[in-house]
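To start, the structure under review is shown below, and the notes come after it.
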4 protein chains.
Amino acid sequence: MLFKRIESKGLAHYSYLIGDGEQAIAIDPRRDADVYTDLAFKAGMRIEHILETHRNEDYLIGSPGLAARTGAKIWHADSELKYEYGESVQDGQEWRIGGLEIKARHTPGHTPGSMSYILYNEDSVPWMVFTGDALFAGDVGRVDLLGEKKMPEMAAMLYDTLYEKLLPLGDHVIICPAHGSGSVCGSSIADREWTTIGLERQLNPQLQYSDKNEFIDKISEMQERPPYFRQMEKLNIQGRTILDDLPIPKPLDVKAFAQQAKKSQVLDTRSELAFASAHIPGALSIWTDGLASFAGWFLSYEKPILLTNSGPEAVQTVRTLIRLGYDNIAGSLGGGMLSWHTAGRESFSVKTLTIQDLCRQLDKGQEKWILDVRKQQELDSQGKIPNAHHIHLTQLDQHLDEIPTDNTITLFCGSGLRSMVAASYLQQKGRKNAQVVLGGLTGWNSSTCSIK
Amino acid sequence: MLFKRIESKGLAHYSYLIGDGEQAIAIDPRRDADVYTDLAFKAGMRIEHILETHRNEDYLIGSPGLAARTGAKIWHADSELKYEYGESVQDGQEWRIGGLEIKARHTPGHTPGSMSYILYNEDSVPWMVFTGDALFAGDVGRVDLLGEKKMPEMAAMLYDTLYEKLLPLGDHVIICPAHGSGSVCGSSIADREWTTIGLERQLNPQLQYSDKNEFIDKISEMQERPPYFRQMEKLNIQGRTILDDLPIPKPLDVKAFAQQAKKSQVLDTRSELAFASAHIPGALSIWTDGLASFAGWFLSYEKPILLTNSGPEAVQTVRTLIRLGYDNIAGSLGGGMLSWHTAGRESFSVKTLTIQDLCRQLDKGQEKWILDVRKQQELDSQGKIPNAHHIHLTQLDQHLDEIPTDNTITLFCGSGLRSMVAASYLQQKGRKNAQVVLGGLTGWNSSTCSIK
Amino acid sequence: MLFKRIESKGLAHYSYLIGDGEQAIAIDPRRDADVYTDLAFKAGMRIEHILETHRNEDYLIGSPGLAARTGAKIWHADSELKYEYGESVQDGQEWRIGGLEIKARHTPGHTPGSMSYILYNEDSVPWMVFTGDALFAGDVGRVDLLGEKKMPEMAAMLYDTLYEKLLPLGDHVIICPAHGSGSVCGSSIADREWTTIGLERQLNPQLQYSDKNEFIDKISEMQERPPYFRQMEKLNIQGRTILDDLPIPKPLDVKAFAQQAKKSQVLDTRSELAFASAHIPGALSIWTDGLASFAGWFLSYEKPILLTNSGPEAVQTVRTLIRLGYDNIAGSLGGGMLSWHTAGRESFSVKTLTIQDLCRQLDKGQEKWILDVRKQQELDSQGKIPNAHHIHLTQLDQHLDEIPTDNTITLFCGSGLRSMVAASYLQQKGRKNAQVVLGGLTGWNSSTCSIK
Amino acid sequence: MLFKRIESKGLAHYSYLIGDGEQAIAIDPRRDADVYTDLAFKAGMRIEHILETHRNEDYLIGSPGLAARTGAKIWHADSELKYEYGESVQDGQEWRIGGLEIKARHTPGHTPGSMSYILYNEDSVPWMVFTGDALFAGDVGRVDLLGEKKMPEMAAMLYDTLYEKLLPLGDHVIICPAHGSGSVCGSSIADREWTTIGLERQLNPQLQYSDKNEFIDKISEMQERPPYFRQMEKLNIQGRTILDDLPIPKPLDVKAFAQQAKKSQVLDTRSELAFASAHIPGALSIWTDGLASFAGWFLSYEKPILLTNSGPEAVQTVRTLIRLGYDNIAGSLGGGMLSWHTAGRESFSVKTLTIQDLCRQLDKGQEKWILDVRKQQELDSQGKIPNAHHIHLTQLDQHLDEIPTDNTITLFCGSGLRSMVAASYLQQKGRKNAQVVLGGLTGWNSSTCSIK
């Protein structure tokens, strides 16, 4: 038997490949699907079916490409949508691979047509359940995607899904969700790589409410919806996003890069500290592991993208971008920032402060405009800095006019990473004096400062 | 500076990637071109030009695919041909990559429009020369491809190429040919991985003749021309053979395999000894490293191909097949031969003899019909077995009626590998009693036998 | 959090690496321990503790080497043994790694001092349990290692371990045993890579008995005990088996190999079919995946070992051998069997029959001495061939005088693999006419034969 | 035939593995010798001899470790030294590997006992020559290692070596030196990866002098001699530096790291820009590719080393350090600099200027103390900044009292990399106001600035 979980970092997306004998099934494959064909090939198996747990809104599904390459059949959940390819799963539908059996269950709530897939062993005992975005380790799926009005209805459906369909499978069943910790699809997924129904029954905060009403009440929360979700949904319906090979960002010399930069968005995924010292004027800073979460808020699909890294360091960046449908990568800076500087070009910097620096400034009462870009939740749970303003990183563009242009802006987040994203964005928007506190609130909480 | 030689085993084909700064050039790329894009990407370079040294007849050129993926320009030699893509090289044309310069020289002989490319260093001293099939280590290009009538003319052209264009570059120049030892494009290429003009001047047997006439006389030899050459030439002209990904042979269960086998050609690339013990009735044996040389003689382009290996062992087989344009791989035997046997299926075998067994038989005067399938050249240089018949492996189909159907046929080659190809072919043609001498003439020459 | 299961193929041995923050723990590491240091290094973690679940008898434990390389502490179970290194685990002992907690439980039965390790999450809920050889997927540990007399006592202890300590952890707990399907440590471990307490409660045949007495009765069974177990136990106590690097078998030319072979045991791990066609006289055939199970029965620790494969194909062979303490690898045959034959050397063969061949012989009443080398269990469950003699492969040496020397011996197993081991052994012992039925009983059961 | 050149980046050191049949020879192996055993193993060869071209002063030779692992014989050049292991090469000594022949020639000049090894092909024509540090692409070996007094004598010997022994081998011979571009062993080795005697005769500036006297005069130049050379020489004589495995720097948490840092030297190999933004107080900045050249000037062998990177990024750092004999790596910062900041720790920064910033300052006449840390040669060839002071990076400690403590020091090199090393060193020495010009002189020369 073959059982592989494939993690797409950044997206914290889990897909699966299950096989027995010569047959295999892929569940929720990602767009750069070479990993599935490689694994199946090495195991001497052919992928016969591709099962989707729900319409995906946070990444491009790899089903069309994987089907084109293997001849596998695509089975869509959320089948009321007008998919231009593949077939619709039916509740109760079954597939056999070798000695194993997989059965579809309709498990709505996150979306109206969400499906879970139950893997039975040879004795027809439920063994694993692929829950998509219905049930995670430590969280349940968000129910706000159809809008505020529909939310209670979706939450009620999810309650029934959980309590009538998933939990009754039994404590012993291993849960295989579509996301792990760090996803935009569940706000507080736990760092528990492997879990079971029984563990979730005991540990999942969302499964501890007294009744259905409390559940509906507590989980019905409008969450942020990155603008790129709409793009993903549309493209996933059309299925025209087959990827033959990973795009290769062409290394450009400094002059060609500078020329191309005029009509492009420059993305800088180097460490936040390197960005702070020197970066190409106008570049956006997003650290590699944060790219999947924040690209969709800050990068446009219309403008070409330029990378400031070239060579192997750019591989993870490219993979993340194409999973989000950013195929228009116009090039990279050959030789990296060193070539920029040895060409005598201008670069910008962002001032960084340590926690101690901040304390000293606060002690002296040197007035600064402190801006905390964390989520509201984090403010509630981790605490905050006295007198700080608060705008969540993803909301900066909507509150731009609240941010002064003539003052030093001291940025603050959990660790310094998101602050640097904010600093780069604010520089683009004319706030030249944005500076970043290294260590962020975690550092603040670890240190002593008389002002606290 | 980047300089990489890429060897395609089996074909003994050399291609090259040369780069400086952010620019790179590929010379004679192979069809599965991932290796060039990977190398260039890691080096932070973009491939801008693809240079071909001549029309290729022994493999599918990778220029169309590599150009599609990188945007590089294709430059054809032999430009009197009606290429449906790319541009024609001009004699004397120059390219710059970083600080390096590459210049085309018309070096006809192997083909009328063959080009060599001379790499100059920054001081314009010739440094390396990419000779295609004009000059190899220990050999020169064959001149028989345009037919017997044109041969002397081609040989004369090659003489001028060598003595007026290549050797005058200077003893110090490093030679980068399109083939190494083992190619079908030069009958006696030396196992000298790196060589120079000066080394060839001294060591290459074809550069030791007293004058042009002797050269023409000695090298004008009609050699075998595998039937697939024509297919390669046609497809290379059309350029429609872009390969997105390596095909994955689908593992089939025994029943499906047996069904498919009826309308397919079964290719068995396991070791010749495993084939001898048991193989699928009708299967053709070609060992992995011999596939590039012999597939073109024994495999048809019309019929689908089935492989008896699945999983990673099949990778090299698939690469070789697609380099020769055999894209129609219908599947592989899931679980390999073990699954065939545990399904209770019939298999065939080939009897093997050691040299000692053969000696004992010869000593006893037990009459056997011995068939030596080596080339004439090998018979001349290595010697032969007394009373053996001789038909070169690739000529078996044309001399089939000379081979008895009712007698035991004892096959003989250099080592036993080609004999097993012959045995599998003769089994297909009703000679059930073909048997193979292990060790072949090399073993014969190493041992003592009173009959000798 | 880091959780990795490392499988040692052949041994079907599972070891584990668990980490959080910068700390990691290894459980039952194998001797070639590079895999743990690599994984920890990539994750930015240091291995601080090495936990053993029990004295290991079927492979060399990697604790001494891993401790030497990392500075980790070794914690032995079965602590009444006189370990010459490391420290003894106490029942109830706890370790912290990052936010996780691991606790030892004394779970005797397989051995008197077996330990299980329970991993708790941050809320102190039991999450996973590392059961060593106490509880597997589909089986429980064997209880015969201390001898027949102690068996009921051990079985009773195991019952209490299972019903009082392991099952009460809860259905939701994930089980991480020391072996998977194919191990010599559990005769019928299921092919269920991931399992839970609840799944085992329902599916494990050994957990379905009505009471303790029936359990003791049913599982108390003397199983085979390969002779190498004693060697492993002794060496594991001494801990002097640190391995700096994998040994590299030196490729020898044919003459040197033949010379060395006189004082060595020649091991041939090529496919059973290649062995059948031709092998070095006196060589022992064990296929790669069977090596861990059968080396300990057929290879001596005193004599040097020679391999007939060289190059990368030998890597898995070497890894398996050193895991079993066979460090004395004297060399390999440079160029493989081809070089043997081209040197004109003698080789032996083994005749192979298909199931159809066998049927035809049986139909004709051609008397053969059929020898089935499967386990008794397999005979009971899969059935047998009429009139076959039966000696389990591992018992051949003790029943050698029952096997005729002048008759053809037709060997039979499940698929043909073990039969070839037997054929090679019998050839060593003067039974020149051993022949092997391809497909074995599985093939027999798949086909029709009038004799059945 | 096997021919592999192995490059050790940073050191720009070339070693070689040559094989034929089952035999191989290694020339000047590096200390982490896994690469040779891997390559030989894959090729099915055994390493029988290890040839050294000369005493090595710039890295630890891998001969003792490679011999221990393979049983190969070690052959030392410079055999008047009291080597505690291995044997001495004799002038004219020969080795055979398969069909190839290698012959030693005494080629003194760089050291008194330097040897070159000439590879002959089967026809006894010289094919390649392994010249050690006698002859490079574009340069010849330095002759100052025995001191100023001996220099003319050494230069004279080198002249004879070149003109009587190496050049007469013939223009066609391929040169395989011990170093490529970037080594500390030849001040101006060319970026010409492959070269021949004929190419060097034409292109090598050191081979263009009119006679022996001019040669001696021109090449007799005292060059810098990093203090670690003495350590390397001593250890290479003793041969006790066998390396079983690469050391693994243990990731430490912030507190343990800070504690250990008090008695250690903290090495920071992140990009110079990241270092500039924030680094651990007292850390030394050397970028990864510069480590081999500068570690020997700035790191002590007595104090433990701490790394600020952990995980895979540290691999190259560790390899470089152990090649230089820095085995005492006490640990790494778990979680990298992010963990340092989220622990609320203090960090230091280095101000960076672009070329434009510098121009503006110069234009305004804002007086700064500019310090150029390039080599004299570079000043001569690339030009310099008006009014800059000059101390070569490696001489800073000897001229420390010339550098003001109360002024801003504006550091300048070729690109900004060495300036950051200087800045980190000067910070350690109390010059808090060191700042670095990005792009260095290359940037300066690319830009316009009214002050020029």
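Following the order of the structure tokens, chains are lettered A, B, ..., residues in each are numbered from 1, and ligands are numbered from 1.
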
May I have a table of the residues of chain D lying at most 10 Å from chain A, giving each one's closest pair of atoms and their distance in Å to one decimal, counting only C-alpha atoms, ordered by chain and ascending residue number, as a tab-separated table?
residue	atom	partner	partner_atom	distance
D:Arg270	CA	A:Ala274	CA	9.1
D:Ser271	CA	A:Ala274	CA	7.1
D:Glu272	CA	A:Ala274	CA	7.8
D:Leu273	CA	A:Ala274	CA	4.6
D:Ala274	CA	A:Ala274	CA	3.8
D:Phe275	CA	A:Ala274	CA	7.5
D:Ala276	CA	A:Ser277	CA	6.3
D:Ser277	CA	A:Ser277	CA	5.4
D:Ala278	CA	A:Leu273	CA	6.9
D:His279	CA	A:Leu273	CA	9.6
D:Met337	CA	A:Gly439	CA	9.4
D:Leu338	CA	A:Gly439	CA	6.8
D:Ser339	CA	A:Gly439	CA	7.8
D:Trp340	CA	A:Gly439	CA	7.7
D:His341	CA	A:Gly439	CA	4.1
D:Thr342	CA	A:Gly443	CA	3.9
D:Ala343	CA	A:Gly443	CA	5.0
D:Gly344	CA	A:Gly443	CA	4.0
D:Arg345	CA	A:Ile355	CA	7.5
D:Glu346	CA	A:Thr354	CA	6.3
D:Ser347	CA	A:Thr354	CA	6.7
D:Phe348	CA	A:Thr354	CA	8.7
D:Ser349	CA	A:Thr352	CA	8.8
D:Val350	CA	A:Ser277	CA	8.9
D:Lys351	CA	A:Ser277	CA	8.0
D:Thr352	CA	A:Ser277	CA	6.8
D:Leu353	CA	A:Ala278	CA	8.9
D:Thr354	CA	A:Glu346	CA	6.3
D:Ile355	CA	A:Gly344	CA	5.8
D:Gln356	CA	A:Glu346	CA	6.4
D:Asp357	CA	A:Glu346	CA	8.4
D:Gly414	CA	A:Thr342	CA	8.3
D:Ser415	CA	A:Thr342	CA	5.9
D:Gly416	CA	A:Leu338	CA	8.3
D:Leu417	CA	A:Leu338	CA	9.0
D:Val437	CA	A:His341	CA	9.2
D:Leu438	CA	A:His341	CA	5.8
D:Gly439	CA	A:Thr342	CA	3.9
D:Gly440	CA	A:Thr342	CA	6.7
D:Leu441	CA	A:Thr342	CA	7.7
D:Thr442	CA	A:Thr342	CA	5.1
D:Gly443	CA	A:Thr342	CA	3.9
D:Trp444	CA	A:Gly344	CA	6.1
D:Asn445	CA	A:Gly344	CA	7.8
D:Ser446	CA	A:Ala343	CA	5.5
D:Ser447	CA	A:Gly344	CA	5.3
D:Thr448	CA	A:Gly344	CA	8.7

Please give the complete set of residues from range 126-185 of chain C that DSSP, run on the backbone, assigns to alpha helix (DSSP H), formatted as an MDAnalysis selection string.
-> chainID C and resid 151:160

Keeping only N, CA, C and O atoms, write the selected residues as a PDB file, in the first residue's frame.
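The resulting file, result_23.pdb, is reproduced below:
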ATOM      1  N   MET C 151       7.236 -19.151  27.870  1.00  0.00           N
ATOM      2  CA  MET C 151       6.283 -18.581  26.922  1.00  0.00           C
ATOM      3  C   MET C 151       4.948 -18.177  27.554  1.00  0.00           C
ATOM      4  O   MET C 151       4.479 -17.050  27.347  1.00  0.00           O
ATOM      5  N   PRO C 152       4.313 -19.044  28.316  1.00  0.00           N
ATOM      6  CA  PRO C 152       3.001 -18.656  28.880  1.00  0.00           C
ATOM      7  C   PRO C 152       3.120 -17.438  29.788  1.00  0.00           C
ATOM      8  O   PRO C 152       2.280 -16.539  29.761  1.00  0.00           O
ATOM      9  N   GLU C 153       4.194 -17.388  30.531  1.00  0.00           N
ATOM     10  CA  GLU C 153       4.410 -16.252  31.429  1.00  0.00           C
ATOM     11  C   GLU C 153       4.554 -14.949  30.624  1.00  0.00           C
ATOM     12  O   GLU C 153       3.959 -13.911  30.956  1.00  0.00           O
ATOM     13  N   MET C 154       5.326 -15.041  29.553  1.00  0.00           N
ATOM     14  CA  MET C 154       5.510 -13.867  28.707  1.00  0.00           C
ATOM     15  C   MET C 154       4.189 -13.462  28.047  1.00  0.00           C
ATOM     16  O   MET C 154       3.851 -12.280  27.950  1.00  0.00           O
ATOM     17  N   ALA C 155       3.446 -14.451  27.602  1.00  0.00           N
ATOM     18  CA  ALA C 155       2.160 -14.176  26.955  1.00  0.00           C
ATOM     19  C   ALA C 155       1.207 -13.502  27.940  1.00  0.00           C
ATOM     20  O   ALA C 155       0.469 -12.570  27.586  1.00  0.00           O
ATOM     21  N   ALA C 156       1.235 -13.957  29.164  1.00  0.00           N
ATOM     22  CA  ALA C 156       0.367 -13.353  30.188  1.00  0.00           C
ATOM     23  C   ALA C 156       0.770 -11.890  30.424  1.00  0.00           C
ATOM     24  O   ALA C 156      -0.081 -11.001  30.520  1.00  0.00           O
ATOM     25  N   MET C 157       2.070 -11.648  30.489  1.00  0.00           N
ATOM     26  CA  MET C 157       2.540 -10.270  30.648  1.00  0.00           C
ATOM     27  C   MET C 157       2.094  -9.413  29.464  1.00  0.00           C
ATOM     28  O   MET C 157       1.681  -8.273  29.633  1.00  0.00           O
ATOM     29  N   LEU C 158       2.198  -9.994  28.291  1.00  0.00           N
ATOM     30  CA  LEU C 158       1.814  -9.226  27.108  1.00  0.00           C
ATOM     31  C   LEU C 158       0.323  -8.888  27.140  1.00  0.00           C
ATOM     32  O   LEU C 158      -0.090  -7.783  26.790  1.00  0.00           O
ATOM     33  N   TYR C 159      -0.476  -9.849  27.603  1.00  0.00           N
ATOM     34  CA  TYR C 159      -1.922  -9.602  27.716  1.00  0.00           C
ATOM     35  C   TYR C 159      -2.183  -8.388  28.612  1.00  0.00           C
ATOM     36  O   TYR C 159      -2.933  -7.478  28.255  1.00  0.00           O
ATOM     37  N   ASP C 160      -1.516  -8.390  29.763  1.00  0.00           N
ATOM     38  CA  ASP C 160      -1.711  -7.265  30.690  1.00  0.00           C
ATOM     39  C   ASP C 160      -1.218  -5.957  30.064  1.00  0.00           C
ATOM     40  O   ASP C 160      -1.844  -4.907  30.203  1.00  0.00           O
TER      41      ASP C 160
END

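Considering the residues B:Ile197, B:Ile27, B:Ile47, B:Ala283 and counting only C-alpha atoms, Trp127 in chain B has its shortest atom-to-atom contact with B:Ile197.
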
> Excluding same-chain residues fewer than 2 positions from range 366-377 of chain C, what lies within 9 Å of it counting only C-alpha atoms, as JSON, numbers by chain?
Replying inline: {"C": [360, 361, 362, 363, 364, 379, 380, 381, 382, 384, 385, 387, 388, 389, 390, 391, 392, 393, 394, 395, 396, 403, 404, 407, 408, 409, 410, 411, 412, 413, 414, 418, 419, 422]}

Exercise for the section: Mind giving me the straight-line distance from CA of Ala33 in chain B to CA of Asp244 in chain A in Å, one decimal? Expected result: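 Computing the Euclidean distance for CA of Ala33 in chain B and CA of Asp244 in chain A yields 13.3 Å.
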
- Task: Choose the residue, out of A:Ile237, A:Leu321, A:Val89, A:Val125, that has the smallest atom-to-atom separation from Arg201 in chain C; count only C-alpha atoms.
- Result: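 Smallest separation from Arg201 in chain C among the options: A:Val125.
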
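Distances from B:Val421, B:Ile50, B:Met222, B:Ala256 to Trp287 in chain B were compared using only C-alpha atoms, and the smallest one belongs to B:Val421.
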
(request) Write out as number ranges by chain the residues lying within 12 Å of range 312-315 of chain B, counting only C-alpha atoms and excluding same-chain residues fewer than 5 positions away. (result) A: 37-45; B: 246-251, 267-271, 287-288, 306-307, 320-322, 329, 331-336; C: 313

Put those residues in a file: C-alpha atoms, as a CSV table (one decimal), in the first residue's frame.
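Written out: result.csv:
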chain,number,residue,atom,x,y,z
A,37,THR,CA,3.5,11.4,-11.2
A,38,ASP,CA,7.0,10.9,-9.8
A,39,LEU,CA,5.7,9.1,-6.7
A,40,ALA,CA,3.3,6.9,-8.6
A,41,PHE,CA,5.9,6.0,-11.2
A,42,LYS,CA,8.4,5.0,-8.5
A,43,ALA,CA,5.8,2.9,-6.9
A,44,GLY,CA,4.9,1.2,-10.2
A,45,MET,CA,1.4,2.6,-10.1
B,246,LEU,CA,8.8,12.4,-20.3
B,247,PRO,CA,6.0,10.0,-21.1
B,248,ILE,CA,5.1,7.7,-18.1
B,249,PRO,CA,4.6,4.1,-19.1
B,250,LYS,CA,1.4,3.1,-17.4
B,251,PRO,CA,1.8,0.0,-15.3
B,267,LEU,CA,10.4,-4.7,-25.4
B,268,ASP,CA,12.4,-6.4,-22.6
B,269,THR,CA,15.4,-4.4,-21.3
B,270,ARG,CA,16.2,-6.6,-18.4
B,271,SER,CA,19.7,-8.2,-18.2
B,287,TRP,CA,19.9,-4.5,-23.0
B,288,THR,CA,19.5,-0.9,-21.7
B,306,LEU,CA,5.1,-2.4,-24.1
B,307,LEU,CA,7.8,-2.5,-21.5
B,320,THR,CA,16.3,6.5,-25.0
B,321,LEU,CA,13.1,5.6,-26.8
B,322,ILE,CA,11.8,9.2,-26.9
B,329,ILE,CA,4.7,3.6,-25.2
B,331,GLY,CA,2.3,0.7,-20.9
B,332,SER,CA,4.5,-1.5,-18.7
B,333,LEU,CA,4.0,-4.7,-16.9
B,334,GLY,CA,3.0,-3.8,-13.3
B,335,GLY,CA,5.0,-5.8,-10.8
B,336,GLY,CA,7.4,-7.0,-13.6
C,313,GLU,CA,23.2,-1.7,-7.3

Run DSSP on the backbone and grab whatever in range 162-220 of chain A lands in strand (DSSP E); send it over as a compact mmCIF listing (two decimals) with N, CA and C atoms, in the first residue's frame.
# COMPACT_ATOMS: atom_id res chain seq x y z
N ILE A 174 -8.28 8.08 11.23
CA ILE A 174 -7.23 9.08 10.99
C ILE A 174 -7.77 10.16 10.05
N ILE A 175 -7.58 11.42 10.44
CA ILE A 175 -8.10 12.55 9.66
C ILE A 175 -7.02 13.09 8.72
N CYS A 176 -7.35 13.24 7.46
CA CYS A 176 -6.43 13.79 6.47
C CYS A 176 -7.06 15.02 5.86
N PRO A 177 -6.83 16.19 6.41
CA PRO A 177 -7.46 17.42 5.94
C PRO A 177 -6.69 18.03 4.76
N THR A 195 -3.54 13.45 13.10
CA THR A 195 -4.59 13.49 14.11
C THR A 195 -5.68 12.46 13.79
N THR A 196 -6.57 12.29 14.74
CA THR A 196 -7.66 11.32 14.59
C THR A 196 -8.96 11.97 15.03

Excluding Gly99 in chain B and its own-chain neighbours fewer than 6 positions away, which residues fall within 12 Å of it when counting only C-alpha atoms? Please give them as a PyMOL selection string. (chain B and resi 1-2+18-24+119-124) or (chain D and resi 191-192)

| request: Just give me the gap between CA of Asp133 in chain B and CA of Ile286 in chain B in Å, one decimal is fine. | output: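 So the answer is 26.2 Å.
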
I'd like the neighbourhood of range 212-220 of chain B as an NGL selection string, where a residue qualifies if any of its atoms comes within 12 Å (using only C-alpha atoms), though same-chain residues fewer than 2 positions away should be ignored. :B and (109-110 or 139-164 or 186-188 or 205-210 or 222-223)

Residues just named, written with C-alpha atoms as a CSV table (one decimal), in the first residue's frame:
chain,number,residue,atom,x,y,z
B,109,GLY,CA,32.0,16.4,-45.6
B,110,HIS,CA,29.8,14.5,-43.2
B,139,ASP,CA,37.8,9.0,-36.1
B,140,VAL,CA,36.2,11.3,-38.6
B,141,GLY,CA,32.6,11.6,-39.7
B,142,ARG,CA,31.1,9.0,-42.1
B,143,VAL,CA,30.8,10.3,-45.7
B,144,ASP,CA,28.3,7.7,-47.0
B,145,LEU,CA,25.0,9.3,-46.0
B,146,LEU,CA,24.3,10.8,-49.4
B,147,GLY,CA,24.9,7.4,-51.1
B,148,GLU,CA,27.8,5.6,-52.7
B,149,LYS,CA,28.0,7.9,-55.7
B,150,LYS,CA,28.5,11.0,-53.7
B,151,MET,CA,30.9,9.4,-51.3
B,152,PRO,CA,34.2,10.4,-52.9
B,153,GLU,CA,33.0,14.0,-53.3
B,154,MET,CA,32.0,14.1,-49.7
B,155,ALA,CA,35.2,12.6,-48.6
B,156,ALA,CA,37.1,15.2,-50.6
B,157,MET,CA,35.1,17.9,-48.9
B,158,LEU,CA,35.9,16.4,-45.5
B,159,TYR,CA,39.6,16.3,-46.3
B,160,ASP,CA,39.6,20.0,-47.0
B,161,THR,CA,37.5,20.7,-43.9
B,162,LEU,CA,40.0,18.9,-41.8
B,163,TYR,CA,43.2,20.1,-43.3
B,164,GLU,CA,42.2,23.6,-44.3
B,186,GLY,CA,31.6,7.0,-36.2
B,187,SER,CA,32.6,3.4,-36.4
B,188,SER,CA,35.7,3.6,-34.3
B,205,PRO,CA,44.2,6.9,-37.6
B,206,GLN,CA,42.2,8.8,-40.2
B,207,LEU,CA,44.7,11.7,-40.1
B,208,GLN,CA,47.7,9.6,-40.9
B,209,TYR,CA,47.2,9.1,-44.6
B,210,SER,CA,49.9,10.2,-47.0
B,222,MET,CA,29.4,2.4,-47.1
B,223,GLN,CA,28.3,1.7,-43.6

Would you mind listing what lies within 7 Å of Gly86 in chain C as a ChimeraX atom specification, with only C-alpha atoms counted and same-chain residues fewer than 2 positions away left out? /C:73-76

**Prompt:** At what distance in Å, to one decimal, does CA of Asp28 in chain C lie from CA of Arg55 in chain C?
**Reply:**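 Going from CA of Arg55 in chain C over to CA of Asp28 in chain C, I get 9.7 Å.
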
Between C:Ala178, C:Leu252, C:Val266, C:Leu284, single out the one closest to Ser310 in chain C, counting only C-alpha atoms.
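The shortest atom-to-atom distance to Ser310 in chain C comes from C:Leu252.
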